[in-house]
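Structure file input.txt (compact mmCIF, C-alpha atoms) follows.
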# COMPACT_ATOMS: atom_id res chain seq x y z
CA MET A 1 -20.03 -20.80 32.65
CA GLN A 2 -18.73 -24.13 33.80
CA GLY A 3 -15.17 -25.09 32.92
CA LEU A 4 -14.34 -21.54 31.80
CA GLN A 5 -10.96 -21.20 30.12
CA GLN A 6 -9.11 -17.97 29.42
CA GLN A 7 -6.44 -17.30 26.84
CA TYR A 8 -4.52 -14.09 26.17
CA VAL A 9 -3.08 -13.89 22.69
CA GLN A 10 -0.79 -11.33 21.08
CA PRO A 11 -1.21 -12.43 17.43
CA PHE A 12 2.15 -11.21 16.15
CA ARG A 13 5.01 -8.85 16.87
CA PRO A 14 4.89 -6.12 14.23
CA HIS A 15 7.94 -4.83 12.43
CA ARG A 16 9.28 -1.74 14.14
CA HIS A 17 7.66 0.45 11.46
CA THR A 18 4.44 -1.54 11.31
CA SER A 19 1.23 -0.10 12.69
CA SER A 20 0.41 -1.50 16.13
CA ARG A 21 -3.06 -2.53 14.99
CA ALA A 22 -2.47 -6.18 15.79
CA ALA A 23 -5.06 -6.90 18.42
CA ALA A 24 -4.19 -8.38 21.77
CA VAL A 25 -7.16 -10.70 22.09
CA LEU A 26 -8.60 -11.85 25.39
CA VAL A 27 -10.65 -14.96 24.73
CA ARG A 28 -12.91 -16.68 27.22
CA CYS A 29 -14.51 -19.94 26.26
CA ALA A 30 -16.51 -22.67 27.95
CA ALA A 31 -14.39 -25.59 26.80
CA GLY A 32 -12.27 -26.82 23.93
CA SER A 33 -10.82 -24.60 21.25
CA PRO A 34 -12.10 -21.00 21.35
CA THR A 35 -13.68 -19.40 18.29
CA VAL A 36 -13.12 -15.79 17.23
CA VAL A 37 -15.17 -13.89 14.66
CA VAL A 38 -12.96 -11.68 12.42
CA THR A 39 -14.78 -8.82 10.76
CA ARG A 40 -12.60 -7.03 8.21
CA GLU A 41 -13.39 -6.94 4.50
CA HIS A 42 -13.41 -10.36 2.81
CA GLY A 43 -9.89 -11.49 1.94
CA LYS A 44 -8.19 -9.11 4.39
CA ASN A 45 -8.41 -11.19 7.54
CA GLY A 46 -5.71 -13.65 6.46
CA LYS A 47 -2.83 -12.46 8.64
CA LEU A 48 -4.94 -12.36 11.78
CA ILE A 49 -6.50 -15.76 11.08
CA LYS A 50 -3.05 -17.26 10.54
CA ALA A 51 -1.70 -15.70 13.73
CA LEU A 52 -4.63 -16.86 15.85
CA SER A 53 -4.55 -20.37 14.39
CA LYS A 54 -1.00 -20.78 15.73
CA HIS A 55 -2.52 -20.54 19.19
CA GLY A 56 -5.21 -23.11 18.46
CA ILE A 57 -7.93 -20.52 17.97
CA GLN A 58 -10.53 -21.19 15.29
CA CYS A 59 -11.77 -18.25 13.23
CA VAL A 60 -15.06 -17.44 11.52
CA GLU A 61 -14.76 -14.80 8.80
CA LEU A 62 -17.75 -12.45 8.88
CA PRO A 63 -17.02 -9.33 6.78
CA LEU A 64 -18.91 -6.41 8.32
CA ILE A 65 -17.29 -3.76 6.14
CA GLU A 66 -16.27 -3.12 2.55
CA HIS A 67 -14.47 -0.31 0.80
CA ALA A 68 -16.11 1.98 -1.73
CA PRO A 69 -14.73 4.76 -3.96
CA GLY A 70 -14.60 8.21 -2.40
CA PRO A 71 -15.88 11.36 -4.11
CA ASP A 72 -12.39 12.53 -5.15
CA ARG A 73 -11.00 9.23 -6.40
CA ASP A 74 -11.02 10.23 -10.08
CA GLN A 75 -8.82 13.24 -9.31
CA LEU A 76 -5.88 11.16 -8.12
CA PRO A 77 -4.28 10.17 -11.47
CA GLY A 78 -4.31 13.74 -12.76
CA LEU A 79 -2.83 15.13 -9.55
CA LEU A 80 -0.08 12.51 -9.62
CA GLN A 81 0.72 13.38 -13.24
CA ALA A 82 0.88 17.10 -12.42
CA GLY A 83 3.34 16.44 -9.61
CA ALA A 84 2.77 19.78 -7.88
CA PHE A 85 3.72 18.44 -4.45
CA ASP A 86 6.73 17.26 -2.46
CA TRP A 87 5.12 14.25 -0.80
CA VAL A 88 2.21 11.87 -1.15
CA THR A 89 1.12 10.42 2.20
CA CYS A 90 -0.44 6.98 2.64
CA THR A 91 -1.90 6.21 6.05
CA SER A 92 -3.23 2.64 5.75
CA PRO A 93 -2.88 -0.44 3.55
CA GLU A 94 -6.18 0.44 1.88
CA SER A 95 -5.04 4.00 1.11
CA ALA A 96 -1.84 2.52 -0.33
CA ALA A 97 -3.84 0.15 -2.56
CA VAL A 98 -5.97 3.06 -3.80
CA PHE A 99 -2.82 5.11 -4.41
CA VAL A 100 -1.25 2.29 -6.44
CA GLU A 101 -4.36 2.09 -8.62
CA GLY A 102 -4.24 5.84 -9.31
CA TRP A 103 -0.47 5.81 -9.77
CA LYS A 104 -0.70 3.13 -12.44
CA ALA A 105 -3.53 4.99 -14.17
CA ALA A 106 -1.28 8.06 -14.20
CA GLY A 107 1.49 6.14 -15.98
CA SER A 108 3.57 5.33 -12.88
CA PRO A 109 5.21 8.76 -12.47
CA GLN A 110 8.11 9.41 -10.12
CA VAL A 111 6.68 10.45 -6.75
CA ARG A 112 8.00 10.76 -3.23
CA VAL A 113 5.80 8.73 -0.87
CA ALA A 114 5.60 8.78 2.93
CA VAL A 115 3.82 6.06 4.91
CA VAL A 116 2.51 5.83 8.45
CA GLY A 117 3.69 2.25 9.05
CA GLY A 118 5.38 -0.83 7.67
CA GLY A 119 2.18 -2.60 6.65
CA THR A 120 1.26 0.32 4.41
CA GLY A 121 4.78 0.37 3.00
CA GLU A 122 4.60 -3.32 2.15
CA VAL A 123 1.55 -2.73 -0.07
CA LEU A 124 3.46 -0.04 -1.96
CA ALA A 125 6.67 -2.04 -2.23
CA ALA A 126 4.77 -4.97 -3.71
CA ALA A 127 3.67 -2.66 -6.51
CA GLY A 128 7.16 -1.28 -7.13
CA VAL A 129 6.86 1.92 -5.08
CA ASN A 130 9.47 2.26 -2.34
CA PRO A 131 8.44 4.67 0.44
CA GLU A 132 11.04 7.32 1.19
CA PHE A 133 9.77 8.03 4.68
CA THR A 134 8.13 5.94 7.41
CA ALA A 135 6.90 7.48 10.64
CA THR A 136 8.49 6.23 13.86
CA LYS A 137 5.03 5.64 15.30
CA ALA A 138 1.95 4.70 13.32
CA LEU A 139 -0.06 7.82 14.10
CA GLY A 140 -1.02 10.61 11.72
CA LYS A 141 -0.03 13.36 14.14
CA VAL A 142 3.40 11.77 14.59
CA MET A 143 3.86 11.37 10.85
CA GLY A 144 2.96 15.02 10.29
CA SER A 145 5.41 16.26 12.89
CA GLU A 146 8.26 14.09 11.57
CA LEU A 147 7.90 14.46 7.80
CA PRO A 148 11.00 16.25 6.48
CA HIS A 149 10.82 19.31 4.28
CA VAL A 150 12.35 18.91 0.83
CA PRO A 151 15.07 21.54 0.24
CA GLY A 152 13.89 23.92 -2.45
CA GLY A 153 10.52 22.16 -2.60
CA SER A 154 6.98 23.48 -2.61
CA ASP A 155 6.08 22.23 0.90
CA VAL A 156 2.86 20.83 -0.57
CA VAL A 157 1.64 17.40 0.57
CA LEU A 158 -0.93 15.40 -1.37
CA TYR A 159 -3.03 13.41 1.08
CA PRO A 160 -5.31 10.76 -0.48
CA ALA A 161 -7.53 9.89 2.48
CA SER A 162 -10.53 7.97 3.65
CA VAL A 163 -13.75 9.93 3.85
CA LYS A 164 -13.86 8.96 7.53
CA ALA A 165 -10.23 9.86 8.32
CA SER A 166 -9.71 12.45 11.02
CA THR A 167 -7.81 15.69 10.43
CA ASP A 168 -4.93 14.66 12.70
CA LEU A 169 -2.43 14.26 9.86
CA GLN A 170 -3.32 17.41 7.96
CA ASP A 171 -3.43 19.47 11.16
CA SER A 172 -0.01 18.17 12.18
CA LEU A 173 1.41 18.83 8.72
CA ALA A 174 -0.02 22.36 8.70
CA ALA A 175 1.54 23.03 12.11
CA ALA A 176 4.87 21.88 10.66
CA GLY A 177 4.65 24.38 7.82
CA PHE A 178 3.22 22.23 5.01
CA SER A 179 0.31 23.02 2.74
CA VAL A 180 -1.98 20.00 2.52
CA GLN A 181 -4.15 18.99 -0.42
CA ARG A 182 -6.51 16.34 0.91
CA ILE A 183 -8.63 14.28 -1.46
CA ASN A 184 -11.09 11.68 -0.19
CA THR A 185 -10.35 8.69 -2.40
CA TYR A 186 -12.19 5.88 -0.60
CA ASN A 187 -14.77 5.18 2.07
CA THR A 188 -15.41 2.36 4.54
CA VAL A 189 -19.02 1.24 4.59
CA SER A 190 -21.04 -1.57 6.15
CA GLY A 191 -21.01 -4.84 4.22
CA ALA A 192 -23.91 -5.04 1.80
CA ALA A 193 -24.65 -8.70 2.40
CA LEU A 194 -23.62 -11.21 5.03
CA PRO A 195 -23.13 -14.90 4.20
CA ARG A 196 -25.53 -17.19 6.04
CA ASP A 197 -23.09 -19.84 7.20
CA PRO A 198 -20.88 -17.53 9.31
CA LEU A 199 -23.97 -15.86 10.75
CA ALA A 200 -25.21 -19.22 11.95
CA ARG A 201 -21.88 -19.81 13.73
CA VAL A 202 -21.60 -16.38 15.35
CA ASP A 203 -23.84 -17.18 18.31
CA ASP A 204 -21.43 -19.93 19.34
CA SER A 205 -18.33 -17.76 19.11
CA ASP A 206 -16.31 -16.66 22.12
CA SER A 207 -15.05 -13.30 20.89
CA VAL A 208 -15.41 -10.76 18.08
CA CYS A 209 -12.24 -9.13 16.74
CA CYS A 210 -12.66 -5.81 14.93
CA GLY A 211 -9.87 -4.22 12.91
CA SER A 212 -11.25 -0.67 12.99
CA LEU A 213 -13.96 1.54 14.45
CA GLY A 214 -16.47 0.92 11.64
CA PRO A 215 -16.85 -2.85 12.06
CA HIS A 216 -16.52 -2.43 15.82
CA LEU A 217 -19.69 -0.36 15.92
CA VAL A 218 -21.52 -2.65 13.50
CA ALA A 219 -20.56 -5.71 15.52
CA MET A 220 -21.77 -4.14 18.73
CA SER A 221 -25.11 -3.21 17.21
CA ARG A 222 -25.59 -6.74 15.89
CA TRP A 223 -24.89 -8.39 19.24
CA MET A 224 -26.36 -5.74 21.53
CA ASN A 225 -29.72 -7.47 21.75
CA SER A 226 -28.26 -10.94 22.28
CA ARG A 227 -28.87 -12.55 25.62
CA GLU A 228 -25.16 -13.17 26.04
CA LEU A 229 -22.77 -10.76 24.35
CA ALA A 230 -19.56 -12.03 22.78
CA PRO A 231 -16.52 -10.16 24.13
CA ALA A 232 -15.10 -7.79 21.52
CA ALA A 233 -11.43 -7.07 20.86
CA ALA A 234 -10.70 -3.94 18.83
CA ALA A 235 -7.38 -3.54 17.03
CA GLY A 236 -5.99 -0.03 17.10
CA ARG A 237 -6.80 3.05 19.13
Encoded form using structure tokens:
Amino acid sequence: MQGLQQQYVQPFRPHRHTSSRAAAVLVRCAAGSPTVVVTREHGKNGKLIKALSKHGIQCVELPLIEHAPGPDRDQLPGLLQAGAFDWVTCTSPESAAVFVEGWKAAGSPQVRVAVVGGGTGEVLAAAGVNPEFTATKALGKVMGSELPHVPGGSDVVLYPASVKASTDLQDSLAAAGFSVQRINTYNTVSGAALPRDPLARVDDSDSVCCGSLGPHLVAMSRWMNSRELAPAAAAGR
């Protein structure tokens, strides 16, 4: 490509307890201001769009995923009311939002909550729930190995999770001597419908930024048959 420009962007420096999911985006563009397609659920791309715009990068919002209730979601309020656990663990902002919904439905009981990172904790704090533990590194296996036992407690951890979440956290907690009650409260699925306007602009974009594995795979499948693939930047591990 003639006149190729290259920009390397670290969108923001996370708080020391914040998950390191902020993508370091490598953008190559022919000329002018580069364009990046952001693919998280509608309304949840705001921080990344704001961070990229500070570097003169235009964004097209193309939601490739959405969140749906998991099979165990209705169990959450009753389990929170029963309180037969020492900790509730929240491992993402979405899991925190689902927890808050169930917590309010349960009458806002006193619970001890642990979070994997600062971004998750911010969602809880905004709803009036202050996390009592934050992992030093935003990984489930680290959180499980660091979570303190409550003196005289039951050593039971309630883990409201995504259907697609790995067993890293529960395995780590079990190895540390906890009993884990996992309930699958939400799921991440492909977006049901895509708006036409962003789709029309995607072919002219310089990069695709995916916030998680789900949209990453969807994005790749959508551009795999294109004559010229847009570089993809995935946030997270």
### Query
Which one of A:Ser166, A:Thr91, A:Ser108, A:Asn184 sits closest to A:Lys137 if you count all atoms listed in the file?
A:Thr91
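A search radius of 12 Å centred on (7.9, 18.5, 12.0), applied to all atoms listed in the file, returns the residues A:Ala135, A:Gly140, A:Lys141, A:Val142, A:Met143, A:Gly144, A:Ser145, A:Glu146, A:Leu147, A:Pro148, A:His149, A:Asp155, A:Leu169, A:Gln170, A:Asp171, A:Ser172, A:Leu173, A:Ala174, A:Ala175, A:Ala176, A:Gly177, A:Phe178.
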Mind writing the picked residues with C-alpha atoms as a PDB file, in the frame of the given file?
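The result, stored in again03.pdb:
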ATOM      1  CA  ALA A 135       6.900   7.480  10.640  1.00  0.00           C
ATOM      2  CA  GLY A 140      -1.020  10.610  11.720  1.00  0.00           C
ATOM      3  CA  LYS A 141      -0.030  13.360  14.140  1.00  0.00           C
ATOM      4  CA  VAL A 142       3.400  11.770  14.590  1.00  0.00           C
ATOM      5  CA  MET A 143       3.860  11.370  10.850  1.00  0.00           C
ATOM      6  CA  GLY A 144       2.960  15.020  10.290  1.00  0.00           C
ATOM      7  CA  SER A 145       5.410  16.260  12.890  1.00  0.00           C
ATOM      8  CA  GLU A 146       8.260  14.090  11.570  1.00  0.00           C
ATOM      9  CA  LEU A 147       7.900  14.460   7.800  1.00  0.00           C
ATOM     10  CA  PRO A 148      11.000  16.250   6.480  1.00  0.00           C
ATOM     11  CA  HIS A 149      10.820  19.310   4.280  1.00  0.00           C
ATOM     12  CA  ASP A 155       6.080  22.230   0.900  1.00  0.00           C
ATOM     13  CA  LEU A 169      -2.430  14.260   9.860  1.00  0.00           C
ATOM     14  CA  GLN A 170      -3.320  17.410   7.960  1.00  0.00           C
ATOM     15  CA  ASP A 171      -3.430  19.470  11.160  1.00  0.00           C
ATOM     16  CA  SER A 172      -0.010  18.170  12.180  1.00  0.00           C
ATOM     17  CA  LEU A 173       1.410  18.830   8.720  1.00  0.00           C
ATOM     18  CA  ALA A 174      -0.020  22.360   8.700  1.00  0.00           C
ATOM     19  CA  ALA A 175       1.540  23.030  12.110  1.00  0.00           C
ATOM     20  CA  ALA A 176       4.870  21.880  10.660  1.00  0.00           C
ATOM     21  CA  GLY A 177       4.650  24.380   7.820  1.00  0.00           C
ATOM     22  CA  PHE A 178       3.220  22.230   5.010  1.00  0.00           C
TER      23      PHE A 178
END
### Query
Could you state the separation of atom CA of A:Val36 and atom CA of A:Val163 in Å, given to one decimal place?
29.0 Å
Around all the atoms of stretch 159-174 of chain A listed in the file, with 6 Å of room on each side, what axis-aligned box do you get, giving centre and edge lengths in Å to one decimal, as JSON?
{"center_x": -6.2, "center_y": 15.2, "center_z": 6.1, "size_x": 27.3, "size_y": 26.4, "size_z": 25.2}
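Distance annotation: of A:Leu79, A:Leu64, A:Ile57, A:Val113, the residue with the minimal separation from A:Lys44 is A:Leu64; atom set is all atoms listed in the file.
With distances restricted to all atoms listed in the file, A:Cys59 is the closest residue to A:Thr39 from A:Val157, A:Leu52, A:Cys59, A:Val123.
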Within 12 Å of (12.9, 10.8, -7.9) (file coordinates; all atoms listed in the file), which protein or nucleic acid residues are there? I'd like them as a PDB file with C-alpha atoms, in the coordinates of the input.
ATOM      1  CA  GLY A  83       3.340  16.440  -9.610  1.00  0.00           C
ATOM      2  CA  ASP A  86       6.730  17.260  -2.460  1.00  0.00           C
ATOM      3  CA  TRP A  87       5.120  14.250  -0.800  1.00  0.00           C
ATOM      4  CA  SER A 108       3.570   5.330 -12.880  1.00  0.00           C
ATOM      5  CA  PRO A 109       5.210   8.760 -12.470  1.00  0.00           C
ATOM      6  CA  GLN A 110       8.110   9.410 -10.120  1.00  0.00           C
ATOM      7  CA  VAL A 111       6.680  10.450  -6.750  1.00  0.00           C
ATOM      8  CA  ARG A 112       8.000  10.760  -3.230  1.00  0.00           C
ATOM      9  CA  VAL A 113       5.800   8.730  -0.870  1.00  0.00           C
ATOM     10  CA  VAL A 129       6.860   1.920  -5.080  1.00  0.00           C
ATOM     11  CA  ASN A 130       9.470   2.260  -2.340  1.00  0.00           C
ATOM     12  CA  PRO A 131       8.440   4.670   0.440  1.00  0.00           C
ATOM     13  CA  GLU A 132      11.040   7.320   1.190  1.00  0.00           C
ATOM     14  CA  VAL A 150      12.350  18.910   0.830  1.00  0.00           C
TER      15      VAL A 150
END
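Restricting the calculation to all atoms listed in the file, the smallest distance between A:Glu61 and any of A:Thr35, A:Asn45, A:Thr136, A:Ser92 is found for A:Asn45.
You will find atom CA of A:Ala84 at 21.5 Å from atom CA of A:Thr167.
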### Task
For atom CA of A:Gly121 and atom CA of A:Gln75, determine how far apart the two atoms are, in Å to one decimal place.
22.4 Å
### Nearest to A:Thr185 by atom-to-atom distance, counting only C-alpha atoms, from A:His55, A:Gly153, A:Gln81, A:Glu94
A:Glu94
#### Entry: Pick from A:Gly118, A:Pro93, A:Gly56, A:Gly107, whichever lies nearest to A:Gly78 using all atoms listed in the file
A:Gly107
